[in-house]
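Inspection log for the structure reproduced underneath, given as structure tokens.
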Amino acid sequence: MTVLVVLERTPEGIDELSLQALAFARGLASGGDLHALTVTTPSDAVSQGVSVPSFHVAEHEVFGSYAPAAIAQATVELAGRLQPGAIVAAGNERGNEVMAHVAARLDQPFAANCIEATAGEPIRVTRLRWGGSLLEEAAVHGSPALLTVAPHVVAAEAAADAPEFERFTPTLSDADQVMRVTDRAQAFTNGGVSLAEAKVVVSSGRGAGSPEGFEIIEELAGLLGGAVGCSRAVTMAGWRPHTDQVGQTGTKIAPDLYIACGISGATQHMAGCKGAKAILAVNTDPDAPILASADYAVIGDLHEVVPAISAELRKARGS
Amino acid sequence: MNVLVCVKRVPMTGGKIVVTPDEQAIATQHLGFTISPHEECGVEEAVRLVETHGGESVVLTLGPPEAEEQLRDAMALGIDRAVHLVIGDEEFDPQATAAAILEAIETERAGGTEFDLIVFGNESADSGGYQVGIRIAHALGRPIATGLKGVLVDGGRVRCEQDVPGGRDVFDLPLPAVVTVKEGLNFPRYPSVPGRMRAQKKPVAASSPTVPPAKLEKLRLVTPAGERKQAEILGHGPDAAPRVVEVLQRIGIA
């Protein structure tokens with residue numbers, strides 16, 4: 001089967017998740033023609049590419065900033081020539097957005113966040129639901145079938161330097177170009193360590209008892225050079241800003257250590273912290289669901305246990 | 001301005017998702033239901049926009065008869081009226097969902113209501129398709145921006161802000177437009193008792209769309225095997241602290 005993969009470029013080169021999508025697409029093509037597409041401006045050199053027989057580069061001034069509908073239109077134009085059986089992109093926000101635009105334009109089905117795909121008529125996929133807490137096996141009755149690949153389910157292919165590529169200028173309407181980034185505003189942060197990038201995250205849930213209950217959480221996070229997180233119940237109660245929320249509808253984190261204090265482990269929350277390398281749970285309930293995902297646990301009241309850990313850390317450091 | 005916000009009734013899952021024996025749905029007999037989280041912020045935004053700019057706010061859902069509960073919840077927060085596309089147990093795939101909503105928007109237009117802004121959640125909590133809003137925007141020939149944490153309407157345009165690593169990307173779109181929003185956009189208000197009373201009297205226009213064959217056909221649902229861990233218990237209460245610090249040191253954290 002002919003497969004077209006749409007790659008996102010960053011200033012550093014081809015995005016890591018796109019290189020994972022490429023590996024996934026190669027598996028699906030299983031020996032058939034594999035094509036890749038990325039976009040650029042006419043003045044921009046494409047210094048990094050991928051090892052595929054046909055690497056296409058759509059060039060247009062609008063691609064100077066992110067323009068999802070224009071990327072989709074370029075994809076649709078190229079797909080009209082290649083007639084692929086499937087089009088694949090990364091299952092991140094941008095990949096999902098571009099593929100939904102492609103799907104709308106082609107009026108074809110789109111399966112987001114796939115972890116497996118089997119060629120055939122129809123193509124069968126396994127995809128994530130509930131932020132990965134549930135899997136769906138589905139048949140995609142369309143041609144081309146449109147798929148995005150859930151992050152980190154396949155290993156990325158290596159990018160290729162100094163690639164050979166075929167440039168084309170897509171025909172874009174004004175309407176395609178209206179949807180583009182025109183400005184970059186400042187991020188809303190709490191001034192501390194960014195939750196998404198922190199090596200250690202210490203969080204609490206409703207068990208903290210009050211906004212003031214987070215003082216001991218902040219203290220421990222500070223000692224470990226980490227960020228403070230919280231559950232959705234906490235942001236819904238207005239105790240902490242939404243930027244602190246770890247979960248399916250909050251921030252997805254991948255720290256070396258996640259210390260979850262008084263957090264039961266609802267699926268909404270676990271969808272946000274399953275990327276943690278290690279989890280330490282502090283919980284009064286030895287049967288709390290989070291213990292099935294944690295590496296370490298302390299059974300006890302966070303109001304007693306957390307200050308004791310902070311004190312012990314200070315003692316160990318001789319301060 | 002007239003604002004339409006589309007919401008989905010989803011179960012409030014707890015610690016574990018259990019699939020029904022026929023593998024077609026999740027077992028919900030012990031679960032409550034809610035508006036999908038991103039869309040709660042969409043409802044709040046629709047109410048605020050109409051408070052600021054005047055006009056009418058409408059909430060729409062495609063869901064079972066019980067989804068009227070979520071429509072009443074939205075109206076308790078200040079939405080003026082509701083459209084209920086009533087379906088049975090069958091699941092509409094994203095294309096079928098978009099087609100049914102489009103038909104409802106056409107019906108509204110025929111009745112004299114043009115929406116300046118149509119609001120969706122970025123993705124539903126349960127099926128996570130990431131596409132219904134974009135399909136609607138394309139079919140209507142309107143611009144769309146997705147995953148927004150900021151929506152500012154001013155002078156016939158909407159400034160759309162989207163969180164990205166290191167900042168916020170801004171899209172500036174002409175109205176009428178479509179937006180999809182994310183939780184964190186605003187802080188949804190609690191419904192007041194008078195708000196709940198008023199919501200019971202607000203109109204719900206119900207109709208039943210027909211189900212076309214699914215093009216994204218759900219075959220079965222399965223819970224991921226996952227690696228169920230046996231957490232190493234480091235101790236009980238504050239006495240566990242020295243052992244915790246030992247572990248932190250061992251894994252290179254402290």
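Labeling convention for the structure tokens: chains A, B, ... as they appear, residues from 1 per chain, ligands from 1 in order of appearance.
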
Inset, instruction - Write out as an NGL selection string all residues of region 31-143 of chain A that DSSP puts in strand (DSSP E or B) for this structure's backbone. - result: :A and (34-40 or 48-49 or 54-59 or 86-90 or 110-118 or 123-129 or 134-140)

Inset, instruction - Output as an MDAnalysis selection string the set of chain B residues within 6 Å of chain A, with distances taken over only C-alpha atoms. - result: chainID B and resid 14:15 125:129 131 135 167:171 184 215:223 228:229 231:238 241

Dump as a short mmCIF file (atom, residue, chain, number, x, y, z; two decimals), in the first residue's frame, selection limited to N, CA and C atoms:
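Full text of out_11.cif as output:
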data_model
loop_
_atom_site.label_atom_id
_atom_site.label_comp_id
_atom_site.auth_asym_id
_atom_site.auth_seq_id
_atom_site.Cartn_x
_atom_site.Cartn_y
_atom_site.Cartn_z
N GLY B 14 -13.82 6.67 37.59
CA GLY B 14 -13.07 6.69 38.84
C GLY B 14 -11.68 6.14 38.63
N GLY B 15 -11.28 5.19 39.47
CA GLY B 15 -9.93 4.67 39.43
C GLY B 15 -9.70 3.64 38.35
N ALA B 125 -13.65 13.67 26.26
CA ALA B 125 -12.91 12.88 27.25
C ALA B 125 -12.92 11.40 26.89
N ASP B 126 -14.03 10.92 26.32
CA ASP B 126 -14.17 9.48 26.12
C ASP B 126 -13.57 9.00 24.79
N SER B 127 -14.08 9.52 23.65
CA SER B 127 -13.60 8.96 22.38
C SER B 127 -12.39 9.70 21.81
N GLY B 128 -12.16 10.95 22.20
CA GLY B 128 -10.93 11.64 21.81
C GLY B 128 -10.66 11.66 20.32
N GLY B 129 -11.63 12.08 19.52
CA GLY B 129 -11.47 12.05 18.07
C GLY B 129 -10.78 13.26 17.47
N GLN B 131 -11.82 16.05 16.02
CA GLN B 131 -12.14 16.41 14.63
C GLN B 131 -13.51 17.00 14.37
N ARG B 135 -14.49 19.55 11.20
CA ARG B 135 -15.39 19.12 10.10
C ARG B 135 -16.53 20.14 9.93
N GLY B 167 5.23 29.54 25.18
CA GLY B 167 4.43 30.74 24.95
C GLY B 167 3.01 30.41 24.53
N ARG B 168 2.39 31.40 23.90
CA ARG B 168 1.03 31.21 23.41
C ARG B 168 0.96 31.68 21.97
N ASP B 169 0.58 30.79 21.06
CA ASP B 169 0.39 31.17 19.67
C ASP B 169 -0.94 31.88 19.53
N VAL B 170 -0.97 32.93 18.72
CA VAL B 170 -2.18 33.72 18.54
C VAL B 170 -2.67 33.58 17.09
N PHE B 171 -3.95 33.25 16.95
CA PHE B 171 -4.64 33.26 15.66
C PHE B 171 -5.65 34.40 15.72
N GLY B 184 -9.15 25.23 31.49
CA GLY B 184 -8.16 26.23 31.86
C GLY B 184 -8.42 27.55 31.15
N LYS B 215 -18.09 5.03 9.40
CA LYS B 215 -16.88 4.89 8.57
C LYS B 215 -15.65 4.66 9.45
N LEU B 216 -15.72 5.18 10.69
CA LEU B 216 -14.74 4.78 11.70
C LEU B 216 -15.52 3.85 12.63
N GLU B 217 -15.43 2.55 12.31
CA GLU B 217 -16.32 1.58 12.94
C GLU B 217 -15.68 0.96 14.18
N LYS B 218 -16.28 1.23 15.33
CA LYS B 218 -15.78 0.65 16.57
C LYS B 218 -16.08 -0.85 16.57
N LEU B 219 -15.05 -1.67 16.75
CA LEU B 219 -15.24 -3.11 16.79
C LEU B 219 -15.36 -3.59 18.23
N ARG B 220 -14.40 -3.19 19.05
CA ARG B 220 -14.47 -3.55 20.47
C ARG B 220 -13.60 -2.63 21.30
N LEU B 221 -13.95 -2.55 22.58
CA LEU B 221 -13.15 -1.79 23.53
C LEU B 221 -12.42 -2.77 24.43
N VAL B 222 -11.19 -2.45 24.73
CA VAL B 222 -10.40 -3.29 25.64
C VAL B 222 -9.64 -2.40 26.62
N THR B 223 -9.48 -2.90 27.83
CA THR B 223 -8.65 -2.15 28.77
C THR B 223 -7.21 -2.55 28.53
N ARG B 228 0.70 -3.74 35.91
CA ARG B 228 0.22 -3.50 37.26
C ARG B 228 1.39 -3.69 38.21
N LYS B 229 1.70 -2.62 38.91
CA LYS B 229 2.87 -2.66 39.77
C LYS B 229 2.47 -3.03 41.19
N ALA B 231 3.53 -1.70 44.46
CA ALA B 231 4.32 -0.63 45.05
C ALA B 231 5.09 -1.16 46.26
N GLU B 232 6.36 -0.77 46.33
CA GLU B 232 7.16 -1.14 47.51
C GLU B 232 6.75 -0.22 48.66
N ILE B 233 6.20 -0.79 49.72
CA ILE B 233 5.76 0.03 50.85
C ILE B 233 6.98 0.44 51.67
N LEU B 234 7.25 1.73 51.73
CA LEU B 234 8.43 2.22 52.42
C LEU B 234 8.18 2.41 53.91
N GLY B 235 6.94 2.34 54.31
CA GLY B 235 6.64 2.47 55.74
C GLY B 235 5.30 3.11 55.97
N HIS B 236 5.01 3.30 57.24
CA HIS B 236 3.72 3.88 57.63
C HIS B 236 3.96 5.17 58.39
N GLY B 237 3.26 6.23 58.02
CA GLY B 237 3.32 7.50 58.75
C GLY B 237 4.68 8.16 58.64
N PRO B 238 4.90 9.19 59.47
CA PRO B 238 6.12 10.00 59.39
C PRO B 238 7.40 9.19 59.63
N ALA B 241 9.94 8.47 56.79
CA ALA B 241 10.73 9.53 56.14
C ALA B 241 12.19 9.14 55.85
#

Inset, instruction - Name the residues in contact with region 98-100 of chain B at a cut-off of 10 Å, using only C-alpha atoms, excluding same-chain residues fewer than 6 positions from it; report them as a list in words. - result: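 Those residues are Ala104 of chain A; Leu62, Leu85, Phe92, Glu106, Gln131, Val132, Gly133, Ile134, Arg135, Ile136, Ala137, Ala139, Ser208, Pro209, Thr210, Val211 and Pro212 of chain B.
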
Written selection (C-alpha atoms) as a JSON list (two decimals), in the first residue's frame:
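What ended up in again-v4.json:
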[["chain", "number", "residue", "atom", "x", "y", "z"],
["A", 104, "ALA", "CA", -12.81, 17.34, 6.49],
["B", 62, "LEU", "CA", -25.98, 14.64, 20.48],
["B", 85, "LEU", "CA", -30.23, 15.47, 19.06],
["B", 92, "PHE", "CA", -22.17, 8.08, 16.20],
["B", 106, "GLU", "CA", -29.10, 24.50, 9.19],
["B", 131, "GLN", "CA", -12.14, 16.41, 14.63],
["B", 132, "VAL", "CA", -15.86, 17.26, 14.90],
["B", 133, "GLY", "CA", -15.30, 21.02, 15.26],
["B", 134, "ILE", "CA", -12.96, 21.10, 12.28],
["B", 135, "ARG", "CA", -15.39, 19.12, 10.10],
["B", 136, "ILE", "CA", -18.18, 21.58, 10.99],
["B", 137, "ALA", "CA", -15.99, 24.63, 10.28],
["B", 139, "ALA", "CA", -18.55, 22.40, 5.93],
["B", 208, "SER", "CA", -33.85, 12.39, 16.33],
["B", 209, "PRO", "CA", -31.14, 12.15, 13.69],
["B", 210, "THR", "CA", -30.77, 8.92, 11.72],
["B", 211, "VAL", "CA", -27.58, 6.91, 12.13],
["B", 212, "PRO", "CA", -25.56, 6.50, 8.95]]

Inset, instruction - List every residue of region 101-245 of chain B that DSSP, applied to the backbone of this structure, assigns to helix (DSSP H, G or I), and report them as a PyMOL selection string. - result: chain B and resi 101-110+132-140+193-201+237-245

Do a neighbour search on His35 (chain A) at 6 Å with only C-alpha atoms, toss out local chain neighbours closer than 2 positions, and write the hits as a PDB file with N, CA and C atoms, in the first residue's frame.
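So part.pdb came out as:
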ATOM      1  N   LEU A   4       1.432   7.973   2.754  1.00  0.00           N
ATOM      2  CA  LEU A   4       2.010   9.314   2.815  1.00  0.00           C
ATOM      3  C   LEU A   4       2.091   9.731   4.276  1.00  0.00           C
ATOM      4  N   SER A  54      10.599   9.037  -1.746  1.00  0.00           N
ATOM      5  CA  SER A  54      10.080  10.311  -2.244  1.00  0.00           C
ATOM      6  C   SER A  54       9.772  11.235  -1.078  1.00  0.00           C
ATOM      7  N   PHE A  55      10.575  12.297  -0.967  1.00  0.00           N
ATOM      8  CA  PHE A  55      10.409  13.283   0.085  1.00  0.00           C
ATOM      9  C   PHE A  55       9.924  14.576  -0.575  1.00  0.00           C
TER      10      PHE A  55
END

Inset, instruction - Mind giving me the straight-line distance from CA of Lys16 (chain B) to CA of Gln29 (chain B) in Å, one decimal? - result: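 Between these atoms lies a distance of 13.5 Å.
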
Inset, instruction - Choose the residue, out of A:Val193, A:Val5, A:Ile14, A:Val39, that has the smallest atom-to-atom separation from Pro84 (chain A); count only C-alpha atoms. - result: A:Val5

Inset, instruction - Between CA of Ala254 (chain A) and CA of Leu195 (chain A), measure the distance and give it in Å to one decimal. - result: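 Interatomic distance, CA of Ala254 (chain A) to CA of Leu195 (chain A): 9.1 Å.
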
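The protein and nucleic acid residues lying at most 10 Å from Val5 (chain B) are Glu39, Glu40, Cys41, Gly42, Val43, Glu44, Glu45, Ala46, Val47, Ser57, Val58, Val59, Leu60, Thr61, Ala74, Ile79, Ala82, Phe115, Leu117, Ile118, Val119, Phe120, Gly121, Val178, Val179 and Thr180 of chain B, with only C-alpha atoms considered and sequence neighbours fewer than 4 positions away removed.
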
Inset, instruction - Provide the CA of Ala221 (chain A) to CA of Val201 (chain A) distance in Å, to one decimal place. - result: 6.8 Å

Inset, instruction - Choose the residue, out of B:Met12, B:Ala76, B:Val18, B:Ala254, that has the smallest atom-to-atom separation from Pro194 (chain B); count only C-alpha atoms. - result: B:Ala76

Legend entry - For region 33-37 of chain B: contacts at 9 Å, only C-alpha atoms, fewer than 5 positions along chain excluded, given as a PyMOL selection string: (chain A and resi 249) or (chain B and resi 7-13+28+67+69-71+73-74+121+123-126+182-183)
